[in-house]
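*Asks:* What follows is data22.csv; its format and atoms are CSV, C-alpha atoms.
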chain,number,residue,atom,x,y,z
Q,1,MET,CA,-2.0,17.4,-108.1
Q,2,LYS,CA,-1.3,14.2,-106.4
Q,3,ILE,CA,2.1,15.4,-105.3
Q,4,VAL,CA,0.6,18.5,-103.8
Q,5,LYS,CA,-1.8,16.4,-101.8
Q,6,ILE,CA,1.1,14.2,-100.5
Q,7,ILE,CA,3.2,17.2,-99.5
Q,8,ALA,CA,0.2,18.7,-97.7
Q,9,LEU,CA,-0.3,15.4,-95.9
Q,10,ILE,CA,3.4,15.2,-94.9
Q,11,LEU,CA,3.3,18.7,-93.5
Q,12,VAL,CA,0.1,17.9,-91.5
Q,13,VAL,CA,1.7,14.8,-90.2
Q,14,ALA,CA,4.9,16.5,-89.3
Q,15,PHE,CA,3.0,19.3,-87.6
Q,16,VAL,CA,1.0,16.8,-85.6
Q,17,GLY,CA,4.1,14.8,-84.9
Q,18,ILE,CA,6.1,17.6,-83.4
Q,19,GLN,CA,3.2,18.3,-81.0
Q,20,PHE,CA,4.3,15.3,-79.1
Q,21,MET,CA,7.8,16.6,-78.5
Q,22,PRO,CA,8.2,17.5,-74.8
Q,23,THR,CA,9.0,21.0,-73.6
Q,24,GLU,CA,10.0,22.1,-70.2
Q,25,ARG,CA,7.4,24.3,-68.5
Q,26,ASN,CA,8.6,27.2,-66.4
Q,27,LYS,CA,5.9,27.1,-63.7
Q,28,ASN,CA,6.4,27.6,-60.0
Q,29,ASP,CA,3.8,28.8,-57.5
Q,30,ILE,CA,6.3,29.5,-54.7
Q,31,VAL,CA,7.8,32.9,-54.6
Q,32,PRO,CA,11.1,32.5,-52.8
Q,33,PRO,CA,12.2,35.0,-50.2
Q,34,THR,CA,15.0,36.1,-52.5
Q,35,ASP,CA,12.5,37.6,-55.0
Q,36,PHE,CA,13.2,41.1,-56.2
Q,37,MET,CA,9.9,42.3,-54.8
Q,38,LEU,CA,10.5,40.9,-51.4
Q,39,VAL,CA,14.1,42.1,-51.1
Q,40,ASN,CA,13.4,45.6,-52.3
Q,41,ASP,CA,10.7,48.1,-51.4
Q,42,VAL,CA,9.0,48.3,-54.8
Q,43,PRO,CA,6.2,50.8,-55.4
Q,44,ASN,CA,3.0,49.2,-56.8
Q,45,ASP,CA,3.0,50.6,-60.3
Q,46,ILE,CA,6.6,49.6,-60.8
Q,47,LYS,CA,5.9,46.2,-59.4
Q,48,ASN,CA,3.1,45.7,-61.8
Q,49,LYS,CA,5.1,46.8,-64.7
Q,50,LEU,CA,8.0,44.6,-63.9
Q,51,GLN,CA,5.7,41.6,-63.4
Q,52,ILE,CA,3.9,42.1,-66.7
Q,53,SER,CA,6.9,43.1,-68.8
Q,54,CYS,CA,9.8,41.1,-67.4
Q,55,TYR,CA,8.7,38.2,-65.2
Q,56,ASP,CA,7.6,35.9,-67.9
Q,57,CYS,CA,11.2,35.3,-69.0
Q,58,HIS,CA,13.1,36.6,-66.0
Q,59,SER,CA,11.6,34.5,-63.2
Q,60,ASN,CA,10.7,30.9,-62.4
Q,61,ASN,CA,7.1,31.5,-63.2
Q,62,THR,CA,5.8,32.2,-66.7
Q,63,GLN,CA,2.2,33.2,-67.4
Q,64,TYR,CA,1.9,31.1,-70.5
Q,65,PRO,CA,-0.3,32.3,-73.3
Q,66,TRP,CA,-2.6,29.7,-74.9
Q,67,TYR,CA,-0.6,29.2,-78.0
Q,68,ASN,CA,2.4,28.1,-76.0
Q,69,LYS,CA,1.2,24.6,-76.1
Q,70,VAL,CA,1.5,24.6,-79.9
Q,71,GLN,CA,4.8,23.6,-81.4
Q,72,PRO,CA,7.1,25.0,-82.7
Q,73,VAL,CA,6.1,28.1,-80.7
Q,74,ALA,CA,6.7,26.2,-77.4
Q,75,TRP,CA,10.3,25.6,-78.3
Q,76,PHE,CA,10.8,29.2,-79.3
Q,77,LEU,CA,9.4,30.3,-75.9
Q,78,GLU,CA,11.3,27.7,-74.0
Q,79,ASN,CA,14.6,28.9,-75.4
Q,80,HIS,CA,13.8,32.5,-74.7
Q,81,ILE,CA,12.9,31.8,-71.1
Q,82,LYS,CA,16.0,29.7,-70.5
Q,83,ASN,CA,18.3,32.4,-71.8
Q,84,GLY,CA,16.3,35.1,-70.0
Q,85,LYS,CA,16.6,33.4,-66.7
Q,86,ALA,CA,20.3,32.7,-67.1
Q,87,GLU,CA,20.8,36.4,-67.7
Q,88,LEU,CA,18.7,37.7,-64.9
Q,89,ASN,CA,16.3,35.9,-62.6
Q,90,PHE,CA,14.3,38.2,-60.4
Q,91,ASN,CA,13.3,35.3,-58.1
Q,92,GLU,CA,17.0,34.9,-57.2
Q,93,TRP,CA,17.7,38.6,-56.7
Q,94,GLY,CA,18.6,38.2,-53.0
Q,95,ASP,CA,21.3,35.7,-53.8
Q,96,TYR,CA,23.2,38.1,-56.1
Q,97,SER,CA,26.2,39.9,-54.6
Q,98,ASN,CA,25.9,43.7,-54.3
Q,99,ARG,CA,28.4,44.1,-57.2
Q,100,ARG,CA,26.2,41.8,-59.3
Q,101,LYS,CA,23.0,43.6,-58.3
Q,102,LYS,CA,24.5,46.9,-59.4
Q,103,SER,CA,25.8,45.4,-62.6
Q,104,LYS,CA,22.3,43.9,-63.3
Q,105,LEU,CA,20.6,47.2,-62.6
Q,106,THR,CA,23.0,49.0,-65.0
Q,107,SER,CA,22.2,46.4,-67.7
Q,108,ILE,CA,18.4,46.8,-67.0
Q,109,ILE,CA,18.7,50.5,-67.5
Q,110,ASN,CA,20.8,50.1,-70.7
Q,111,GLN,CA,18.4,47.5,-72.1
Q,112,ILE,CA,15.3,49.6,-71.5
Q,113,GLU,CA,16.9,52.8,-72.6
Q,114,ASP,CA,18.0,51.2,-75.9
Q,115,GLY,CA,14.6,49.7,-76.4
Q,116,GLU,CA,16.1,46.2,-76.5
Q,117,MET,CA,13.9,44.9,-73.7
Q,118,PRO,CA,11.2,43.8,-73.6
Q,119,LEU,CA,11.9,42.0,-76.8
Q,120,ALA,CA,9.9,43.1,-79.8
Q,121,SER,CA,8.8,39.6,-80.5
Q,122,TYR,CA,7.3,39.6,-77.0
Q,123,THR,CA,5.6,43.0,-77.0
Q,124,PHE,CA,4.2,42.1,-80.5
Q,125,ILE,CA,1.8,39.8,-78.7
Q,126,HIS,CA,1.9,41.2,-75.2
Q,127,LYS,CA,0.8,44.7,-76.0
Q,128,ASP,CA,0.6,45.6,-72.3
Q,129,ALA,CA,4.2,44.7,-71.8
Q,130,ALA,CA,5.6,47.5,-73.9
Q,131,PHE,CA,6.8,50.7,-72.1
Q,132,SER,CA,5.4,54.1,-72.9
Q,133,LYS,CA,7.9,56.9,-72.9
Q,134,ALA,CA,6.7,58.1,-69.5
Q,135,GLU,CA,6.8,54.6,-68.1
Q,136,LYS,CA,10.3,54.1,-69.4
Q,137,ARG,CA,11.4,57.3,-67.7
Q,138,GLU,CA,9.7,56.5,-64.4
Q,139,LEU,CA,11.1,53.0,-64.3
Q,140,ILE,CA,14.7,54.0,-65.2
Q,141,GLN,CA,14.6,56.7,-62.6
Q,142,TRP,CA,13.5,54.3,-59.9
Q,143,VAL,CA,16.1,51.7,-61.0
Q,144,GLU,CA,18.8,54.4,-60.8
Q,145,GLN,CA,17.7,55.2,-57.3
Q,146,LEU,CA,17.8,51.6,-56.3
Q,147,LYS,CA,21.3,51.3,-57.8
Q,148,ASP,CA,22.6,54.3,-55.9
Q,149,SER,CA,21.2,52.8,-52.6
Q,150,ILE,CA,23.2,49.6,-52.9
H,1,MET,CA,-3.9,-2.3,-100.7
H,2,SER,CA,-2.9,1.2,-101.8
H,3,LYS,CA,-4.6,2.5,-98.7
H,4,LEU,CA,-2.3,0.3,-96.6
H,5,LYS,CA,0.7,1.6,-98.4
H,6,LEU,CA,-0.4,5.2,-97.8
H,7,VAL,CA,-0.9,4.5,-94.1
H,8,LEU,CA,2.5,2.8,-93.9
H,9,GLY,CA,4.1,5.7,-95.7
H,10,VAL,CA,2.5,8.2,-93.3
H,11,VAL,CA,3.7,6.3,-90.3
H,12,ALA,CA,7.2,6.1,-91.8
H,13,ILE,CA,7.3,9.9,-92.5
H,14,THR,CA,6.1,10.7,-89.0
H,15,PHE,CA,8.9,8.5,-87.6
H,16,ILE,CA,11.5,10.1,-89.8
H,17,THR,CA,10.2,13.6,-88.9
H,18,LEU,CA,10.4,12.9,-85.3
H,19,THR,CA,13.9,11.4,-85.6
H,20,ALA,CA,15.0,14.3,-87.7
H,21,VAL,CA,13.7,16.8,-85.3
H,22,SER,CA,15.4,15.2,-82.3
H,23,CYS,CA,18.6,14.7,-84.2
H,24,LYS,CA,18.6,18.3,-85.2
H,25,ASP,CA,18.6,19.4,-81.6
H,26,ALA,CA,21.5,17.1,-80.8
H,27,LYS,CA,23.3,18.2,-83.9
H,28,ASN,CA,22.9,21.8,-83.0
H,29,GLU,CA,24.4,21.2,-79.6
H,30,LYS,CA,27.3,19.4,-81.2
H,31,ASN,CA,27.8,22.3,-83.6
H,32,ASN,CA,27.8,24.7,-80.7
H,33,SER,CA,30.4,22.8,-78.9
H,34,THR,CA,32.6,22.6,-82.0
H,35,ASP,CA,32.2,26.3,-82.5
H,36,HIS,CA,33.1,26.8,-79.0
H,37,HIS,CA,36.1,24.6,-79.4
H,38,SER,CA,37.4,26.5,-82.4
H,39,GLU,CA,36.9,29.7,-80.4
H,40,MET,CA,38.9,28.2,-77.6
H,41,ASN,CA,41.6,27.3,-79.9
H,42,MET,CA,41.7,30.8,-81.0
H,43,ASP,CA,41.8,31.9,-77.4
H,44,GLU,CA,44.8,29.7,-76.8
H,45,ASP,CA,46.5,31.2,-79.8
H,46,HIS,CA,46.0,34.6,-78.3
H,47,SER,CA,47.2,33.7,-74.9
H,48,LYS,CA,50.1,32.0,-76.5
H,49,MET,CA,51.1,35.2,-78.2
H,50,LYS,CA,50.8,37.2,-75.0
H,51,HIS,CA,52.0,35.1,-72.2
H,52,ASP,CA,54.2,32.9,-74.3
H,53,ASN,CA,56.2,31.5,-71.4
H,54,SER,CA,53.1,30.5,-69.5
H,55,ASP,CA,52.3,27.8,-72.0
H,56,GLY,CA,53.4,24.3,-71.6
H,57,HIS,CA,52.9,24.7,-67.9
H,58,HIS,CA,49.3,23.7,-68.0
H,59,ASP,CA,49.7,20.6,-66.0
H,60,GLY,CA,52.5,22.0,-63.9
H,61,GLU,CA,52.1,23.1,-60.4
H,62,LYS,CA,49.7,25.9,-59.4
H,63,LYS,CA,52.5,28.0,-58.1
H,64,GLU,CA,54.4,27.8,-61.3
H,65,MET,CA,51.3,28.8,-63.2
H,66,ALA,CA,50.8,31.8,-60.9
H,67,MET,CA,54.3,32.9,-61.5
H,68,ASN,CA,54.3,32.6,-65.2
H,69,GLY,CA,51.1,34.3,-66.2
H,70,ASN,CA,48.2,32.0,-66.5
H,71,GLY,CA,45.9,32.4,-63.5
H,72,THR,CA,47.4,35.7,-62.4
H,73,SER,CA,45.9,39.2,-62.3
H,74,GLN,CA,48.7,40.1,-64.7
H,75,ALA,CA,47.3,37.8,-67.3
H,76,ILE,CA,43.9,39.3,-66.8
H,77,LEU,CA,45.2,42.8,-67.2
H,78,ASN,CA,47.0,41.9,-70.4
H,79,ASP,CA,43.8,40.6,-71.9
H,80,TYR,CA,41.9,43.5,-70.6
H,81,PHE,CA,44.3,45.9,-72.3
H,82,SER,CA,44.1,44.0,-75.6
H,83,LEU,CA,40.3,44.2,-75.4
H,84,LYS,CA,40.5,48.0,-74.7
H,85,ASP,CA,42.8,48.4,-77.7
H,86,ALA,CA,40.3,46.6,-79.9
H,87,LEU,CA,37.6,49.0,-78.7
H,88,VAL,CA,39.9,52.0,-79.3
H,89,ALA,CA,40.4,50.7,-82.9
H,90,ASP,CA,36.6,50.2,-83.4
H,91,ASP,CA,37.2,46.5,-84.1
H,92,ASN,CA,34.1,44.7,-83.2
H,93,ALA,CA,35.2,41.2,-84.3
H,94,LYS,CA,38.5,41.5,-82.5
H,95,ALA,CA,36.8,42.7,-79.4
H,96,LYS,CA,34.5,39.7,-79.6
H,97,ASN,CA,37.4,37.3,-79.6
H,98,LEU,CA,39.3,39.2,-76.9
H,99,GLY,CA,36.2,39.2,-74.7
H,100,ALA,CA,36.2,35.5,-74.8
H,101,VAL,CA,39.9,35.4,-74.1
H,102,LEU,CA,39.4,37.7,-71.1
H,103,ALA,CA,36.5,35.6,-69.8
H,104,THR,CA,38.8,32.6,-69.8
H,105,SER,CA,41.7,34.3,-68.0
H,106,LEU,CA,39.3,35.8,-65.5
H,107,GLY,CA,37.9,32.4,-64.8
H,108,SER,CA,41.3,30.9,-64.1
H,109,LEU,CA,42.4,33.6,-61.6
H,110,ASP,CA,44.2,31.8,-58.7
H,111,ILE,CA,42.9,33.4,-55.5
H,112,SER,CA,44.4,30.9,-53.0
H,113,LYS,CA,47.1,33.3,-51.6
H,114,TYR,CA,44.6,36.0,-50.6
H,115,SER,CA,42.8,36.5,-47.2
H,116,GLU,CA,39.3,35.2,-46.8
H,117,GLU,CA,37.8,38.6,-47.1
H,118,GLU,CA,39.8,39.3,-50.3
H,119,LYS,CA,38.9,35.9,-51.6
H,120,SER,CA,35.2,36.5,-51.4
H,121,GLU,CA,35.6,40.0,-52.9
H,122,LEU,CA,37.7,38.6,-55.8
H,123,LYS,CA,35.1,35.9,-56.3
H,124,GLU,CA,32.4,38.4,-56.7
H,125,ILE,CA,34.5,40.6,-59.0
H,126,VAL,CA,35.4,37.6,-61.2
H,127,GLU,CA,31.8,36.4,-61.3
H,128,ASP,CA,30.6,39.8,-62.5
H,129,ALA,CA,33.5,40.5,-64.8
H,130,VAL,CA,33.2,37.1,-66.6
H,131,GLU,CA,29.6,37.9,-67.4
H,132,HIS,CA,30.5,41.2,-69.0
H,133,ALA,CA,33.4,39.7,-70.9
H,134,GLU,CA,31.1,37.0,-72.2
H,135,HIS,CA,28.6,39.6,-73.3
H,136,ILE,CA,31.4,41.5,-75.1
H,137,SER,CA,32.2,38.3,-76.9
H,138,GLU,CA,28.8,38.1,-78.5
H,139,SER,CA,27.7,41.7,-78.9
H,140,GLU,CA,27.7,44.6,-81.2
H,141,MET,CA,30.1,47.6,-80.6
H,142,ASP,CA,27.6,49.8,-78.7
H,143,HIS,CA,26.7,47.0,-76.4
H,144,GLN,CA,30.4,46.0,-76.0
H,145,ARG,CA,31.2,49.4,-74.8
H,146,GLU,CA,28.3,49.4,-72.3
H,147,HIS,CA,29.7,46.3,-70.8
H,148,PHE,CA,33.3,47.5,-71.0
H,149,LYS,CA,32.3,50.3,-68.6
H,150,THR,CA,31.2,47.9,-65.8
H,151,LEU,CA,34.0,45.6,-66.6
H,152,SER,CA,36.5,48.4,-66.2
H,153,LYS,CA,35.1,49.1,-62.7
H,154,ASP,CA,35.5,45.4,-61.9
H,155,ILE,CA,39.1,45.3,-63.1
H,156,THR,CA,40.0,48.4,-61.2
H,157,ASP,CA,38.6,46.9,-58.0
H,158,MET,CA,40.5,43.8,-58.7
H,159,VAL,CA,43.8,45.7,-59.1
H,160,ALA,CA,43.1,47.4,-55.7
H,161,ILE,CA,43.4,44.0,-54.2
H,162,THR,CA,45.9,42.2,-56.4
H,163,GLY,CA,48.2,45.2,-57.1
H,164,THR,CA,50.0,45.7,-60.3
H,165,LYS,CA,53.6,45.3,-61.5
H,166,ALA,CA,53.5,48.2,-64.0
H,167,THR,CA,52.1,51.6,-63.3
H,168,LEU,CA,48.5,51.9,-64.5
H,169,TYR,CA,46.6,55.0,-65.3
H,170,GLU,CA,42.9,55.3,-64.5
H,171,GLN,CA,41.4,57.5,-67.2
H,172,PHE,CA,38.1,59.3,-67.3
H,173,CYS,CA,35.8,60.3,-70.1
H,174,PRO,CA,33.1,62.8,-68.8
H,175,MET,CA,31.0,62.3,-71.9
H,176,TYR,CA,30.3,58.6,-72.1
H,177,ASP,CA,27.2,57.5,-70.1
H,178,GLY,CA,27.5,60.3,-67.5
H,179,GLY,CA,31.2,59.8,-67.0
H,180,SER,CA,33.2,56.6,-67.4
H,181,THR,CA,36.6,55.3,-66.5
H,182,TRP,CA,39.0,52.8,-67.9
H,183,LEU,CA,42.5,51.6,-67.2
H,184,SER,CA,45.5,52.1,-69.5
H,185,MET,CA,49.2,51.3,-69.4
H,186,SER,CA,50.0,54.6,-71.0
H,187,LYS,CA,49.4,58.2,-70.0
H,188,ASP,CA,48.2,59.0,-73.5
H,189,ILE,CA,44.4,59.1,-73.9
H,190,LYS,CA,43.0,56.7,-76.4
H,191,ASN,CA,39.3,56.5,-75.7
H,192,PRO,CA,37.8,53.0,-75.8
H,193,TYR,CA,34.2,54.3,-75.5
H,194,TYR,CA,34.3,56.4,-78.6
H,195,GLY,CA,37.2,55.0,-80.6
H,196,GLY,CA,37.9,57.0,-83.8
H,197,LYS,CA,35.0,59.3,-83.2
H,198,MET,CA,36.6,61.0,-80.2
H,199,LEU,CA,39.9,59.3,-79.7
H,200,THR,CA,41.5,61.7,-77.4
H,201,CYS,CA,38.5,62.7,-75.2
H,202,GLY,CA,39.4,62.2,-71.6
H,203,LYS,CA,42.1,62.7,-69.0
H,204,VAL,CA,44.2,60.8,-66.5
H,205,GLN,CA,42.3,60.7,-63.3
H,206,LYS,CA,44.6,58.6,-61.1
H,207,GLU,CA,47.9,56.8,-61.2
H,208,ILE,CA,47.9,53.3,-59.8
H,209,ASN,CA,51.2,51.8,-58.7
Is it possible to give me this structure as structure tokens?
*Replies:*
Amino acid sequence: MKIVKIIALILVVAFVGIQFMPTERNKNDIVPPTDFMLVNDVPNDIKNKLQISCYDCHSNNTQYPWYNKVQPVAWFLENHIKNGKAELNFNEWGDYSNRRKKSKLTSIINQIEDGEMPLASYTFIHKDAAFSKAEKRELIQWVEQLKDSI
Amino acid sequence: MSKLKLVLGVVAITFITLTAVSCKDAKNEKNNSTDHHSEMNMDEDHSKMKHDNSDGHHDGEKKEMAMNGNGTSQAILNDYFSLKDALVADDNAKAKNLGAVLATSLGSLDISKYSEEEKSELKEIVEDAVEHAEHISESEMDHQREHFKTLSKDITDMVAITGTKATLYEQFCPMYDGGSTWLSMSKDIKNPYYGGKMLTCGKVQKEIN
């Protein structure tokens, strides 16, 4: 019995302890002129959808959920955001070469079509980030158009 | 007294946990770099096999490197064809390795002898192609093939600037993703997008000399 108490205590202490570990926050109020929405003429519904479903990990500004401050969740998110931004950063769209833009748009289409993006672990909590079939079709069609125009 | 011990114990455990956690991160990074290192070694082995005479010239002059394979479009093409063959053979693991090899040879392309316009074009091609090669090095088969499509476009555009010693064949499969092309050294069709499923689907679309 005593040992259970001690283990519980250790776990509590460890949990409290890791709360003090720092994480990098992906927050930035300035939208640069290279942003996808400023470079392209994006219809409002598509704009909303991209912002809700993609921008948390693919831009310099994350709308953090409350639990993000709790470790180890914060680490998990930090890592996702870092990888997401390295892959595609909508804020830096204007800096990409045309070749890269086309290539990114192709990947966006593939990822959405295959249902790999948005991540299941993300839509699990952000229910509004998931794409319905109709939304998928609409978005892919629009991205195809944009790709052809470049 | 026992209370003091308990408090001391808790403080010690907190300290250890914190240290362990921060060490773990550092260790992870270390592991990653060793992984990477072994991969790199493998890469070297591969490139040794293919452009055997280019080795040993690593610290030699740039010109010499360019002539002997490393840093040339020819080296990139060789690695691209090896990757294509792995996809034809439905070999996911091999394609992963070769994706990493190709990313390295792309990154070392020597563009100094080209005009300014060609340089900037080649830079863009390499930047894009490296990304696709890296993805191939860490993806499953389906995903590898998706990236191979854009990669093939990049390599084709590269060849349009750099030229090629051997005759290449641009081949076309109308079925994969609304029609997709790839490059081959041989006229025979061996489809990298379908592999064994539909090995001979496609046709020669263009000859590149």
*Asks:* Work out how far apart CA of Lys96 (chain H) and CA of Ala160 (chain H) are and give it in Å to one decimal.
*Replies:* 26.5 Å
*Asks:* Give the answer as one residue: which of H:Asn92, H:Asn97, H:Ser115, H:Gln171 has the shortest atom-to-atom distance to Ser186 (chain H), using only C-alpha atoms?
*Replies:*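 Among the listed residues, the smallest separation from Ser186 (chain H) belongs to H:Gln171.
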*Asks:* Nearest to Ile30 (chain Q) among Q:Ile108, Q:Leu146, Q:Val70, Q:Asn60, with distances taken over only C-alpha atoms: which residue is it?
*Replies:* Q:Asn60
*Asks:* Pull out every residue of chain Q sitting within 9 Å of chain H, counting only C-alpha atoms, and send them as a compact mmCIF listing (two decimals) with C-alpha atoms, keeping the file's coordinate frame.
*Replies:*
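And here's out20.txt as it stands now:
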# COMPACT_ATOMS: atom_id res chain seq x y z
CA LEU Q 9 -0.30 15.40 -95.90
CA ILE Q 10 3.40 15.20 -94.90
CA VAL Q 13 1.70 14.80 -90.20
CA ALA Q 14 4.90 16.50 -89.30
CA VAL Q 16 1.00 16.80 -85.60
CA GLY Q 17 4.10 14.80 -84.90
CA ILE Q 18 6.10 17.60 -83.40
CA MET Q 21 7.80 16.60 -78.50
CA GLU Q 87 20.80 36.40 -67.70
CA SER Q 97 26.20 39.90 -54.60
CA ASN Q 98 25.90 43.70 -54.30
CA ARG Q 99 28.40 44.10 -57.20
CA ARG Q 100 26.20 41.80 -59.30
CA SER Q 103 25.80 45.40 -62.60
CA THR Q 106 23.00 49.00 -65.00
CA SER Q 107 22.20 46.40 -67.70
CA ASN Q 110 20.80 50.10 -70.70
*Asks:* Taking into account all atoms listed in the file, which residue in the set H:Ile161, H:Phe148, H:Lys206, H:Asp142 is nearest to Lys84 (chain H)?
*Replies:* H:Phe148
*Asks:* Just the number, please: distance in Å from CA of Val143 (chain Q) to CA of Ile109 (chain Q), one decimal.
*Replies:*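 A separation of 7.1 Å between them.
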*Asks:* Which of these, H:Tyr114, H:Gly99, H:Ile136, H:Gly202, has the shortest distance to Met175 (chain H) once you count all atoms listed in the file?
*Replies:*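 Ranked by minimum distance to Met175 (chain H), first place goes to H:Gly202.
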